[in-house]
>>> print(open('protein-v9.txt').read())   # compact mmCIF, C-alpha atoms and all ligand atoms
# COMPACT_ATOMS: atom_id res chain seq x y z
CA MET A 1 1.49 0.86 4.11
CA PRO A 2 -0.78 3.43 2.42
CA LYS A 3 -4.29 3.40 3.88
CA ASN A 4 -6.20 4.49 0.79
CA ARG A 5 -4.78 2.07 -1.68
CA THR A 6 -6.15 1.92 -5.19
CA ARG A 7 -6.92 -1.59 -6.28
CA VAL A 8 -6.04 -2.01 -9.96
CA GLU A 9 -8.18 -4.89 -11.10
CA PRO A 10 -9.70 -4.19 -14.50
CA PHE A 11 -11.35 -7.59 -14.77
CA ARG A 12 -13.08 -7.44 -11.42
CA SER A 13 -13.90 -3.74 -11.27
CA GLY A 14 -15.45 -3.96 -14.73
CA ILE A 15 -18.20 -6.15 -13.32
CA SER A 16 -19.69 -3.30 -11.27
CA GLU A 17 -20.23 -1.35 -14.50
CA LEU A 18 -22.40 -4.04 -16.06
CA SER A 19 -26.17 -3.94 -16.29
CA VAL A 20 -28.24 -5.66 -13.61
CA THR A 21 -29.17 -8.44 -16.05
CA ALA A 22 -25.55 -9.05 -16.93
CA ARG A 23 -24.60 -9.16 -13.27
CA VAL A 24 -27.35 -11.66 -12.50
CA LEU A 25 -26.11 -13.80 -15.39
CA ILE A 26 -22.55 -13.62 -14.13
CA LEU A 27 -23.64 -14.64 -10.64
CA VAL A 28 -25.52 -17.62 -12.06
CA GLU A 29 -22.68 -18.63 -14.36
CA ALA A 30 -19.82 -17.63 -12.04
CA PRO A 31 -21.17 -17.69 -8.48
CA TRP A 32 -17.66 -17.56 -6.98
CA LEU A 33 -17.30 -13.91 -8.00
CA GLY A 34 -19.89 -12.82 -5.44
CA LYS A 35 -22.02 -9.70 -5.50
CA HIS A 36 -19.03 -7.34 -5.37
CA GLY A 37 -17.03 -9.16 -8.00
CA ARG A 38 -14.64 -10.30 -5.24
CA ASN A 39 -13.45 -13.84 -5.32
CA ALA A 40 -13.09 -14.55 -1.62
CA VAL A 41 -16.82 -14.93 -1.07
CA SER A 42 -17.48 -18.62 -1.59
CA LYS A 43 -15.50 -21.64 -0.52
CA ARG A 44 -12.93 -22.64 -3.12
CA LYS A 45 -12.09 -26.17 -4.18
CA ILE A 46 -8.33 -26.25 -4.50
CA ILE A 47 -5.48 -28.58 -5.40
CA LEU A 48 -2.32 -27.50 -3.58
CA ASP A 49 0.80 -28.35 -5.60
CA CYS A 50 3.88 -28.06 -3.42
CA ASP A 51 7.53 -28.89 -2.63
CA PRO A 52 7.74 -28.74 1.18
CA GLY A 53 9.82 -26.73 2.21
CA HIS A 54 9.19 -24.70 5.37
CA ASP A 55 6.92 -22.10 3.83
CA ASP A 56 5.05 -24.82 1.90
CA ALA A 57 4.43 -26.52 5.24
CA VAL A 58 2.88 -23.36 6.66
CA ALA A 59 0.74 -23.00 3.51
CA ILE A 60 -0.56 -26.56 3.94
CA LEU A 61 -1.36 -25.92 7.61
CA LEU A 62 -3.08 -22.62 6.83
CA ALA A 63 -5.25 -24.35 4.21
CA LEU A 64 -6.15 -27.18 6.59
CA ALA A 65 -7.07 -24.64 9.27
CA SER A 66 -9.39 -22.68 6.95
CA PRO A 67 -12.32 -24.94 6.00
CA GLU A 68 -14.72 -21.99 5.67
CA GLU A 69 -12.89 -20.66 2.64
CA ILE A 70 -10.93 -23.66 1.39
CA ASP A 71 -11.95 -27.14 0.35
CA LEU A 72 -8.58 -28.86 0.00
CA LEU A 73 -9.27 -31.64 -2.49
CA GLY A 74 -5.73 -32.96 -2.59
CA ILE A 75 -2.06 -32.16 -2.23
CA THR A 76 0.25 -32.88 -5.16
CA CYS A 77 4.00 -32.90 -4.70
CA VAL A 78 6.80 -31.93 -7.05
CA ALA A 79 10.58 -31.84 -6.89
CA GLY A 80 11.86 -28.41 -5.93
CA ASN A 81 13.26 -27.33 -2.60
CA VAL A 82 14.52 -30.89 -2.17
CA PRO A 83 14.14 -34.03 -4.32
CA LEU A 84 10.67 -35.54 -4.76
CA GLU A 85 11.22 -38.42 -2.30
CA LEU A 86 11.59 -35.79 0.41
CA THR A 87 8.94 -33.25 -0.65
CA ARG A 88 6.21 -35.91 -0.75
CA ASN A 89 7.28 -37.37 2.58
CA ASN A 90 7.32 -33.88 4.10
CA ALA A 91 3.77 -33.24 2.86
CA LEU A 92 2.64 -36.38 4.71
CA LYS A 93 4.49 -35.29 7.86
CA VAL A 94 2.78 -31.89 7.80
CA CYS A 95 -0.73 -33.34 7.34
CA GLU A 96 -0.07 -35.70 10.21
CA LEU A 97 1.22 -32.86 12.39
CA ALA A 98 -2.13 -31.13 11.82
CA GLY A 99 -4.06 -34.31 12.66
CA HIS A 100 -5.44 -34.44 9.08
CA THR A 101 -4.48 -37.99 8.19
CA ASP A 102 -7.38 -38.14 5.72
CA VAL A 103 -5.80 -35.73 3.19
CA ALA A 104 -5.04 -37.27 -0.20
CA VAL A 105 -1.35 -36.68 -1.04
CA TYR A 106 0.03 -37.53 -4.49
CA SER A 107 3.57 -37.80 -5.80
CA GLY A 108 4.33 -36.02 -9.07
CA CYS A 109 7.25 -35.12 -11.31
CA ALA A 110 10.75 -35.86 -10.06
CA ARG A 111 12.51 -33.30 -12.25
CA PRO A 112 11.84 -30.21 -14.36
CA MET A 113 10.68 -30.55 -17.97
CA VAL A 114 14.00 -29.67 -19.61
CA ARG A 115 16.62 -28.66 -17.08
CA GLU A 116 18.34 -30.54 -14.31
CA LEU A 117 16.78 -30.11 -10.87
CA ASN A 118 18.13 -27.25 -8.71
CA THR A 119 17.31 -27.62 -5.03
CA ALA A 120 17.45 -25.32 -1.99
CA GLU A 121 18.88 -27.28 0.94
CA ASN A 122 20.77 -24.10 1.83
CA VAL A 123 17.42 -22.62 2.85
CA HIS A 124 15.39 -25.63 4.00
CA GLY A 125 18.04 -28.06 5.29
CA GLU A 126 18.90 -31.54 4.02
CA SER A 127 15.43 -32.92 4.82
CA GLY A 128 13.67 -29.91 3.31
CA LEU A 129 12.00 -29.33 6.65
CA ASN A 130 14.78 -29.13 9.22
CA LEU A 131 14.16 -27.93 12.77
CA PRO A 132 16.69 -26.09 14.95
CA GLY A 133 19.62 -28.35 15.80
CA ASP A 134 18.93 -30.11 12.49
CA SER A 135 16.31 -32.37 14.03
CA VAL A 136 13.33 -33.35 11.87
CA LEU A 137 9.61 -34.00 12.22
CA PRO A 138 8.57 -37.61 13.01
CA GLU A 139 8.19 -40.02 10.08
CA PRO A 140 4.54 -40.21 8.95
CA SER A 141 2.31 -43.23 9.29
CA MET A 142 0.10 -41.90 6.45
CA THR A 143 0.92 -43.13 2.96
CA LEU A 144 0.83 -41.60 -0.50
CA ARG A 145 -2.01 -42.29 -2.91
CA SER A 146 -0.89 -44.60 -5.71
CA GLN A 147 -2.09 -42.38 -8.58
CA HIS A 148 0.48 -40.03 -10.15
CA ALA A 149 -0.11 -36.36 -9.26
CA VAL A 150 -0.44 -35.36 -12.93
CA ASP A 151 -3.12 -38.01 -13.52
CA TYR A 152 -4.90 -36.91 -10.35
CA ILE A 153 -4.94 -33.28 -11.52
CA ILE A 154 -6.30 -34.28 -14.93
CA GLU A 155 -8.89 -36.68 -13.51
CA THR A 156 -10.13 -34.19 -10.92
CA LEU A 157 -10.46 -31.31 -13.37
CA THR A 158 -12.30 -33.60 -15.76
CA ALA A 159 -14.70 -34.92 -13.13
CA GLU A 160 -15.58 -31.62 -11.42
CA ASP A 161 -17.65 -28.83 -12.97
CA THR A 162 -15.88 -26.48 -15.37
CA GLY A 163 -14.61 -23.41 -13.50
CA SER A 164 -14.91 -24.98 -10.09
CA ILE A 165 -11.29 -25.84 -9.29
CA THR A 166 -8.47 -23.46 -8.42
CA LEU A 167 -4.92 -24.74 -8.77
CA CYS A 168 -2.47 -23.45 -6.16
CA PRO A 169 1.13 -24.19 -7.17
CA ILE A 170 3.70 -23.13 -4.57
CA GLY A 171 6.69 -24.92 -6.08
CA PRO A 172 8.09 -25.31 -9.60
CA LEU A 173 5.23 -25.53 -12.12
CA THR A 174 6.22 -28.93 -13.57
CA ASN A 175 3.14 -30.93 -12.49
CA ILE A 176 0.74 -28.27 -13.73
CA ALA A 177 2.47 -27.83 -17.10
CA VAL A 178 2.74 -31.57 -17.72
CA ALA A 179 -0.97 -31.97 -16.94
CA MET A 180 -1.76 -29.17 -19.44
CA ILE A 181 0.38 -30.81 -22.11
CA GLN A 182 -0.92 -34.32 -21.47
CA ALA A 183 -4.58 -33.27 -21.42
CA PRO A 184 -5.07 -29.84 -23.04
CA GLU A 185 -8.84 -30.20 -22.63
CA ILE A 186 -8.46 -29.52 -18.89
CA VAL A 187 -7.05 -26.02 -19.48
CA PRO A 188 -10.39 -24.23 -19.99
CA ARG A 189 -11.85 -26.15 -17.04
CA ILE A 190 -9.48 -24.47 -14.55
CA ARG A 191 -11.14 -21.63 -12.68
CA GLU A 192 -7.90 -19.85 -11.80
CA ILE A 193 -4.27 -20.53 -10.92
CA VAL A 194 -3.08 -18.72 -7.81
CA LEU A 195 0.64 -19.32 -7.61
CA MET A 196 3.71 -18.40 -5.62
CA GLY A 197 6.52 -17.56 -7.98
CA GLY A 198 8.23 -14.84 -9.91
CA ALA A 199 9.17 -11.25 -9.25
CA ALA A 200 7.63 -8.46 -11.30
CA ILE A 201 9.39 -5.38 -9.94
CA ASN A 202 11.47 -6.95 -7.17
CA PRO A 203 14.92 -8.44 -7.84
CA GLY A 204 15.23 -12.25 -8.00
CA ASN A 205 16.29 -14.51 -5.15
CA VAL A 206 18.32 -17.13 -7.08
CA THR A 207 19.67 -14.94 -9.89
CA PRO A 208 19.59 -11.15 -10.04
CA VAL A 209 16.24 -11.38 -11.84
CA ALA A 210 14.75 -14.86 -11.25
CA GLU A 211 12.73 -16.29 -8.39
CA PHE A 212 13.38 -19.92 -7.33
CA ASN A 213 10.13 -21.65 -8.42
CA ILE A 214 10.18 -20.13 -11.90
CA TYR A 215 13.95 -20.54 -12.31
CA VAL A 216 13.83 -24.26 -11.43
CA ASP A 217 11.41 -25.00 -14.27
CA PRO A 218 11.12 -21.99 -16.60
CA HIS A 219 9.75 -24.15 -19.43
CA ALA A 220 6.87 -25.31 -17.24
CA ALA A 221 6.29 -21.72 -16.17
CA HIS A 222 6.12 -20.70 -19.83
CA VAL A 223 3.42 -23.32 -20.48
CA VAL A 224 1.37 -22.07 -17.54
CA PHE A 225 1.78 -18.34 -18.20
CA SER A 226 0.85 -18.77 -21.87
CA SER A 227 -2.10 -21.09 -21.17
CA GLY A 228 -4.82 -18.42 -21.07
CA VAL A 229 -5.95 -19.55 -17.62
CA PRO A 230 -6.62 -16.57 -15.27
CA LEU A 231 -3.48 -16.19 -13.15
CA VAL A 232 -2.78 -14.59 -9.81
CA MET A 233 0.92 -14.24 -9.05
CA MET A 234 2.14 -14.00 -5.48
CA GLY A 235 5.76 -13.22 -6.22
CA LEU A 236 8.68 -11.74 -4.31
CA ASP A 237 7.05 -8.32 -4.74
CA VAL A 238 4.70 -9.22 -1.89
CA THR A 239 6.37 -12.14 -0.17
CA HIS A 240 9.31 -9.89 0.74
CA GLN A 241 6.82 -7.70 2.61
CA VAL A 242 5.55 -10.63 4.69
CA LEU A 243 8.49 -11.20 7.03
CA VAL A 244 8.65 -13.64 9.93
CA THR A 245 10.43 -11.55 12.55
CA ALA A 246 11.58 -12.77 15.97
CA GLU A 247 8.53 -11.07 17.52
CA ARG A 248 6.20 -12.89 15.14
CA ILE A 249 7.84 -16.22 15.98
CA ASP A 250 7.31 -15.44 19.69
CA ALA A 251 3.66 -14.60 19.01
CA LEU A 252 3.17 -17.94 17.27
CA ARG A 253 4.72 -19.78 20.19
CA THR A 254 2.55 -18.06 22.75
CA THR A 255 -0.85 -17.94 21.02
CA GLY A 256 -1.37 -21.46 19.70
CA GLY A 257 -0.97 -25.13 20.56
CA GLN A 258 1.48 -27.80 19.44
CA VAL A 259 1.18 -26.98 15.73
CA SER A 260 1.82 -23.25 16.26
CA SER A 261 4.84 -23.96 18.41
CA THR A 262 6.21 -26.44 15.85
CA VAL A 263 5.72 -23.76 13.17
CA ALA A 264 7.66 -21.37 15.42
CA ASP A 265 10.51 -23.92 15.53
CA LEU A 266 10.36 -24.45 11.76
CA MET A 267 10.44 -20.68 11.22
CA THR A 268 13.43 -20.32 13.55
CA PHE A 269 15.41 -22.69 11.29
CA TYR A 270 14.03 -21.20 8.06
CA CYS A 271 14.69 -17.54 8.89
CA ARG A 272 18.38 -17.96 9.64
CA PHE A 273 19.14 -18.04 5.89
CA ASP A 274 17.42 -14.78 4.96
CA LEU A 275 18.64 -12.99 8.09
CA ASP A 276 22.22 -13.94 7.18
CA LYS A 277 22.08 -13.52 3.42
CA TYR A 278 19.80 -10.54 2.91
CA ARG A 279 20.07 -8.88 6.33
CA MET A 280 16.27 -8.72 6.33
CA GLU A 281 14.45 -8.29 9.63
CA GLY A 282 12.80 -11.67 9.08
CA GLY A 283 12.36 -14.52 6.60
CA PRO A 284 9.83 -13.98 3.78
CA LEU A 285 6.84 -16.28 4.24
CA HIS A 286 6.34 -16.88 0.51
CA ASP A 287 3.93 -19.77 -0.01
CA PRO A 288 1.24 -19.00 2.60
CA CYS A 289 0.51 -15.79 0.64
CA VAL A 290 -1.36 -17.97 -1.87
CA ILE A 291 -3.65 -19.39 0.80
CA ALA A 292 -4.02 -16.05 2.57
CA TYR A 293 -5.21 -14.53 -0.72
CA LEU A 294 -7.92 -17.20 -0.98
CA ILE A 295 -8.96 -16.55 2.62
CA ASP A 296 -9.11 -12.76 2.21
CA SER A 297 -8.14 -11.23 -1.12
CA THR A 298 -8.16 -7.73 0.44
CA LEU A 299 -4.86 -8.56 2.16
CA PHE A 300 -3.18 -7.83 -1.17
CA ASP A 301 -3.27 -5.22 -3.94
CA LEU A 302 -2.98 -6.52 -7.49
CA LYS A 303 -2.26 -5.15 -10.92
CA HIS A 304 -3.36 -6.88 -14.14
CA VAL A 305 -0.36 -6.96 -16.49
CA ASN A 306 1.31 -9.09 -19.11
CA VAL A 307 3.89 -11.50 -17.73
CA GLU A 308 6.10 -13.61 -20.00
CA ILE A 309 8.75 -16.11 -18.95
CA GLU A 310 12.32 -15.93 -20.21
CA THR A 311 13.38 -19.43 -21.31
CA ASN A 312 16.28 -18.72 -23.67
CA ALA A 313 18.72 -16.20 -22.28
CA ASP A 314 21.54 -17.26 -19.95
CA LEU A 315 21.66 -14.15 -17.82
CA THR A 316 17.92 -13.78 -17.34
CA LEU A 317 16.67 -17.38 -17.47
CA GLY A 318 13.47 -17.77 -15.46
CA GLN A 319 12.72 -14.05 -15.26
CA THR A 320 9.03 -13.14 -15.07
CA VAL A 321 9.12 -10.24 -17.51
CA ALA A 322 6.22 -8.05 -16.40
CA ASP A 323 5.00 -5.19 -18.57
CA TRP A 324 4.28 -3.06 -15.50
CA TRP A 325 3.72 0.23 -17.36
CA THR A 326 2.09 -1.23 -20.48
CA VAL A 327 5.00 -0.32 -22.71
CA THR A 328 4.14 -3.17 -25.10
CA ASP A 329 0.88 -4.24 -26.74
CA ARG A 330 1.02 -7.67 -25.08
CA THR A 331 -2.28 -8.70 -23.56
CA PRO A 332 -2.45 -8.72 -19.74
CA ASN A 333 -2.53 -12.32 -18.56
CA CYS A 334 -1.78 -12.14 -14.86
CA HIS A 335 -2.96 -10.35 -11.71
CA VAL A 336 0.33 -9.58 -9.99
CA ALA A 337 0.25 -8.89 -6.25
CA HIS A 338 2.42 -5.91 -5.37
CA GLN A 339 1.31 -4.77 -1.93
CA ALA A 340 0.60 -6.87 1.17
CA ASP A 341 -0.95 -5.93 4.49
CA ASP A 342 1.57 -7.86 6.57
CA THR A 343 0.06 -6.96 9.95
CA ARG A 344 -3.33 -8.40 9.01
CA PHE A 345 -1.65 -11.34 7.26
CA PHE A 346 0.01 -12.43 10.52
CA GLU A 347 -3.19 -11.85 12.50
CA VAL A 348 -4.98 -14.25 10.14
CA LEU A 349 -2.11 -16.75 10.23
CA ASN A 350 -1.87 -16.83 14.03
CA GLU A 351 -5.62 -17.11 14.48
CA ARG A 352 -5.90 -19.94 11.95
CA LEU A 353 -2.90 -21.97 13.14
CA ALA A 354 -4.20 -21.72 16.71
CA ARG A 355 -7.25 -23.69 15.57
CA LEU A 356 -5.06 -26.74 14.92
CA PRO A 357 -4.05 -29.13 17.74
C1 LIG A 401 9.91 -20.17 -3.24
O1 LIG A 401 11.07 -21.00 -3.29
C2 LIG A 401 11.00 -21.99 -2.30
O2 LIG A 401 12.23 -22.13 -1.66
C3 LIG A 401 9.89 -21.60 -1.37
O3 LIG A 401 9.24 -22.75 -0.88
C4 LIG A 401 8.98 -20.77 -2.22
O4 LIG A 401 8.01 -21.55 -2.86
C5 LIG A 401 10.37 -18.75 -2.94
O5 LIG A 401 11.23 -18.29 -3.92
CA CA A 402 7.54 -23.85 -2.22
>>> encode(input="protein-v9.txt", output="structure tokens")
Amino acid sequence: MPKNRTRVEPFRSGISELSVTARVLILVEAPWLGKHGRNAVSKRKIILDCDPGHDDAVAILLALASPEEIDLLGITCVAGNVPLELTRNNALKVCELAGHTDVAVYSGCARPMVRELNTAENVHGESGLNLPGDSVLPEPSMTLRSQHAVDYIIETLTAEDTGSITLCPIGPLTNIAVAMIQAPEIVPRIREIVLMGGAAINPGNVTPVAEFNIYVDPHAAHVVFSSGVPLVMMGLDVTHQVLVTAERIDALRTTGGQVSSTVADLMTFYCRFDLDKYRMEGGPLHDPCVIAYLIDSTLFDLKHVNVEIETNADLTLGQTVADWWTVTDRTPNCHVAHQADDTRFFEVLNERLARLP
């Protein structure tokens, strides 16, 4: 990876050019930006919207292991990798594995807004979280909260200060879009959406051009990408640089405790698909990129571009059409991650997971 990388972040870099008074005002009004305009300075309140899923499980664990940077308000579940009954149960299993039985977990939408649900048992196994030998994690004793995930998202954004909550979707965007449609007044209250999904300059992983989370619910993705909320997109452009190799699985197994070694087992099952199908040297650890960005945004390089979602065409349904070279006059709406420091990413991941039991 190039050492002297140029960070292309017009929104953030513009802050350093402001007058002292303006900067003081920004810090009062938007304290999360910090004195350098970086957004990894203060602890973020997040709602993690997920469809566990092996990489979702690692994202949940990484968030739970990072209380300095992340205040995990709640986990909301959506249908995606496997049906909702399984994703929500898997979220409970993962919290329990980490010894965090106090986490509030909510069940959300059971299908995409318009299309039938497409799932990914071929990657994640029948349970969504299979272990080698097709064994599974123990059933949880924790239970789901009774409130619907969409109502929880709306209620939380309404109750907390404007600009204080970051949404972190790492599955199809159905819950987030339905919340925006049901209660449009929450949209300007969202600080930022940092999501895993899409592919700006990388090919797709479920069609030649579409990434799974966006393809499963392109209509929801359209709602989110056209909402005006500041977006950070961790797509295949970076997640395919963050590969769980055999050596990295060994390192997990040797550096941490029970959680790290269970993650090593989960990764052993998960990676077999990408090793076989793509002949990659390891499986891409998609979803934890969202949490890693919140922990240390310098792990990634981003470019602010316009991204629109294809919802009409058969061949390109679910494509994140990114205007990478500004060949249109569409307004940039998304900070797209395009370069990851994978070595530092795995150092952070190992260190954090080793904090768990
Ligand atoms: C995304 O699809 C799912 O299978 C993963 O959990 C990740 O969120 C990657 O395309
Ligand atoms: Ca996911």
>>> closest_residue(input="protein-v9.txt", among="A:Thr162, A:Ser66, A:Asn213, A:Thr76", to="ligand CA 402 (chain A)", atoms="all atoms listed in the file")
A:Asn213
>>> residues_around(input="protein-v9.txt", residues="Leu48 in chain A", least_positions_apart="4", cutoff="7 Å", atoms="only C-alpha atoms", output="list in words")
Gly74, Ile75, Thr76, Leu167, Cys168 and Pro169 of chain A
>>> residues_near_ligand(input="protein-v9.txt", ligand="ligand CA 402 (chain A)", cutoff="10 Å", atoms="only C-alpha atoms and all ligand atoms", output="VMD selection string")
chain A and resid 49 to 57 59 78 to 82 87 169 to 172 195 to 197 212 to 213 285 to 288
>>> closest_residue(input="protein-v9.txt", among="A:Ala120, A:Ala63, A:Leu144, A:Leu266", to="ligand LIG 401 (chain A)", atoms="all atoms listed in the file")
A:Ala120
>>> residues_around(input="protein-v9.txt", residues="Val194 in chain A", least_positions_apart="6", cutoff="12 Å", atoms="all atoms listed in the file", output="PDB file with C-alpha atoms, in the frame of the given file")
ATOM      1  CA  ASN A  39     -13.450 -13.840  -5.320  1.00  0.00           C
ATOM      2  CA  ARG A  44     -12.930 -22.640  -3.120  1.00  0.00           C
ATOM      3  CA  ILE A  46      -8.330 -26.250  -4.500  1.00  0.00           C
ATOM      4  CA  ILE A  47      -5.480 -28.580  -5.400  1.00  0.00           C
ATOM      5  CA  LEU A  48      -2.320 -27.500  -3.580  1.00  0.00           C
ATOM      6  CA  ASP A  49       0.800 -28.350  -5.600  1.00  0.00           C
ATOM      7  CA  ILE A 165     -11.290 -25.840  -9.290  1.00  0.00           C
ATOM      8  CA  THR A 166      -8.470 -23.460  -8.420  1.00  0.00           C
ATOM      9  CA  LEU A 167      -4.920 -24.740  -8.770  1.00  0.00           C
ATOM     10  CA  CYS A 168      -2.470 -23.450  -6.160  1.00  0.00           C
ATOM     11  CA  PRO A 169       1.130 -24.190  -7.170  1.00  0.00           C
ATOM     12  CA  ILE A 170       3.700 -23.130  -4.570  1.00  0.00           C
ATOM     13  CA  GLY A 171       6.690 -24.920  -6.080  1.00  0.00           C
ATOM     14  CA  LEU A 173       5.230 -25.530 -12.120  1.00  0.00           C
ATOM     15  CA  ILE A 176       0.740 -28.270 -13.730  1.00  0.00           C
ATOM     16  CA  VAL A 224       1.370 -22.070 -17.540  1.00  0.00           C
ATOM     17  CA  PHE A 225       1.780 -18.340 -18.200  1.00  0.00           C
ATOM     18  CA  VAL A 229      -5.950 -19.550 -17.620  1.00  0.00           C
ATOM     19  CA  PRO A 230      -6.620 -16.570 -15.270  1.00  0.00           C
ATOM     20  CA  LEU A 231      -3.480 -16.190 -13.150  1.00  0.00           C
ATOM     21  CA  VAL A 232      -2.780 -14.590  -9.810  1.00  0.00           C
ATOM     22  CA  MET A 233       0.920 -14.240  -9.050  1.00  0.00           C
ATOM     23  CA  MET A 234       2.140 -14.000  -5.480  1.00  0.00           C
ATOM     24  CA  GLY A 235       5.760 -13.220  -6.220  1.00  0.00           C
ATOM     25  CA  ASP A 287       3.930 -19.770  -0.010  1.00  0.00           C
ATOM     26  CA  PRO A 288       1.240 -19.000   2.600  1.00  0.00           C
ATOM     27  CA  CYS A 289       0.510 -15.790   0.640  1.00  0.00           C
ATOM     28  CA  VAL A 290      -1.360 -17.970  -1.870  1.00  0.00           C
ATOM     29  CA  ILE A 291      -3.650 -19.390   0.800  1.00  0.00           C
ATOM     30  CA  ALA A 292      -4.020 -16.050   2.570  1.00  0.00           C
ATOM     31  CA  TYR A 293      -5.210 -14.530  -0.720  1.00  0.00           C
ATOM     32  CA  LEU A 294      -7.920 -17.200  -0.980  1.00  0.00           C
ATOM     33  CA  SER A 297      -8.140 -11.230  -1.120  1.00  0.00           C
ATOM     34  CA  CYS A 334      -1.780 -12.140 -14.860  1.00  0.00           C
ATOM     35  CA  HIS A 335      -2.960 -10.350 -11.710  1.00  0.00           C
ATOM     36  CA  VAL A 336       0.330  -9.580  -9.990  1.00  0.00           C
ATOM     37  CA  ALA A 337       0.250  -8.890  -6.250  1.00  0.00           C
TER      38      ALA A 337
END
>>> residues_around(input="protein-v9.txt", residues="Asn90 in chain A", least_positions_apart="4", cutoff="9 Å", atoms="only C-alpha atoms", output="mmCIF file with C-alpha atoms, keeping the file's coordinate frame")
data_model
loop_
_atom_site.group_PDB
_atom_site.id
_atom_site.type_symbol
_atom_site.label_atom_id
_atom_site.label_comp_id
_atom_site.auth_asym_id
_atom_site.auth_seq_id
_atom_site.Cartn_x
_atom_site.Cartn_y
_atom_site.Cartn_z
ATOM 1 C CA ASP A 51 7.530 -28.890 -2.630
ATOM 2 C CA PRO A 52 7.740 -28.740 1.180
ATOM 3 C CA GLY A 53 9.820 -26.730 2.210
ATOM 4 C CA ALA A 57 4.430 -26.520 5.240
ATOM 5 C CA GLU A 85 11.220 -38.420 -2.300
ATOM 6 C CA LEU A 86 11.590 -35.790 0.410
ATOM 7 C CA VAL A 94 2.780 -31.890 7.800
ATOM 8 C CA CYS A 95 -0.730 -33.340 7.340
ATOM 9 C CA SER A 127 15.430 -32.920 4.820
ATOM 10 C CA GLY A 128 13.670 -29.910 3.310
ATOM 11 C CA LEU A 129 12.000 -29.330 6.650
ATOM 12 C CA LEU A 137 9.610 -34.000 12.220
ATOM 13 C CA GLU A 139 8.190 -40.020 10.080
ATOM 14 C CA PRO A 140 4.540 -40.210 8.950
#
>>> atom_distance(input="protein-v9.txt", atom1="CA of Asp217 in chain A", atom2="CA of Gln241 in chain A")
24.6 Å
>>> decode(input="protein-v9.txt", residues="range 265-279 of chain A", atoms="N, CA and C atoms", output="PDB file, in the first residue's frame")
ATOM      1  N   ASP A 265     -12.625 -20.108  14.495  1.00  0.00           N
ATOM      2  CA  ASP A 265     -13.441 -21.220  13.951  1.00  0.00           C
ATOM      3  C   ASP A 265     -14.486 -20.696  12.955  1.00  0.00           C
ATOM      4  N   LEU A 266     -15.156 -19.611  13.333  1.00  0.00           N
ATOM      5  CA  LEU A 266     -16.158 -19.033  12.423  1.00  0.00           C
ATOM      6  C   LEU A 266     -15.510 -18.640  11.101  1.00  0.00           C
ATOM      7  N   MET A 267     -14.317 -18.041  11.185  1.00  0.00           N
ATOM      8  CA  MET A 267     -13.627 -17.593   9.969  1.00  0.00           C
ATOM      9  C   MET A 267     -13.176 -18.780   9.113  1.00  0.00           C
ATOM     10  N   THR A 268     -12.831 -19.885   9.766  1.00  0.00           N
ATOM     11  CA  THR A 268     -12.437 -21.077   9.007  1.00  0.00           C
ATOM     12  C   THR A 268     -13.603 -21.548   8.142  1.00  0.00           C
ATOM     13  N   PHE A 269     -14.821 -21.556   8.716  1.00  0.00           N
ATOM     14  CA  PHE A 269     -15.997 -21.937   7.914  1.00  0.00           C
ATOM     15  C   PHE A 269     -16.256 -20.893   6.827  1.00  0.00           C
ATOM     16  N   TYR A 270     -16.240 -19.631   7.216  1.00  0.00           N
ATOM     17  CA  TYR A 270     -16.622 -18.522   6.323  1.00  0.00           C
ATOM     18  C   TYR A 270     -15.697 -18.420   5.104  1.00  0.00           C
ATOM     19  N   CYS A 271     -14.397 -18.616   5.327  1.00  0.00           N
ATOM     20  CA  CYS A 271     -13.425 -18.363   4.247  1.00  0.00           C
ATOM     21  C   CYS A 271     -13.459 -19.411   3.158  1.00  0.00           C
ATOM     22  N   ARG A 272     -13.996 -20.597   3.474  1.00  0.00           N
ATOM     23  CA  ARG A 272     -13.937 -21.669   2.471  1.00  0.00           C
ATOM     24  C   ARG A 272     -14.637 -21.238   1.191  1.00  0.00           C
ATOM     25  N   PHE A 273     -15.706 -20.422   1.303  1.00  0.00           N
ATOM     26  CA  PHE A 273     -16.468 -20.013   0.120  1.00  0.00           C
ATOM     27  C   PHE A 273     -15.618 -19.133  -0.802  1.00  0.00           C
ATOM     28  N   ASP A 274     -15.006 -18.111  -0.233  1.00  0.00           N
ATOM     29  CA  ASP A 274     -14.244 -17.176  -1.081  1.00  0.00           C
ATOM     30  C   ASP A 274     -12.971 -17.822  -1.615  1.00  0.00           C
ATOM     31  N   LEU A 275     -12.361 -18.693  -0.812  1.00  0.00           N
ATOM     32  CA  LEU A 275     -11.157 -19.378  -1.290  1.00  0.00           C
ATOM     33  C   LEU A 275     -11.507 -20.217  -2.510  1.00  0.00           C
ATOM     34  N   ASP A 276     -12.654 -20.936  -2.423  1.00  0.00           N
ATOM     35  CA  ASP A 276     -13.083 -21.781  -3.546  1.00  0.00           C
ATOM     36  C   ASP A 276     -13.520 -20.960  -4.749  1.00  0.00           C
ATOM     37  N   LYS A 277     -14.416 -19.992  -4.489  1.00  0.00           N
ATOM     38  CA  LYS A 277     -15.066 -19.306  -5.602  1.00  0.00           C
ATOM     39  C   LYS A 277     -14.150 -18.288  -6.285  1.00  0.00           C
ATOM     40  N   TYR A 278     -13.470 -17.482  -5.479  1.00  0.00           N
ATOM     41  CA  TYR A 278     -12.697 -16.377  -6.063  1.00  0.00           C
ATOM     42  C   TYR A 278     -11.195 -16.657  -6.104  1.00  0.00           C
ATOM     43  N   ARG A 279     -10.786 -17.797  -5.507  1.00  0.00           N
ATOM     44  CA  ARG A 279      -9.358 -18.103  -5.434  1.00  0.00           C
ATOM     45  C   ARG A 279      -8.590 -16.954  -4.774  1.00  0.00           C
TER      46      ARG A 279
END
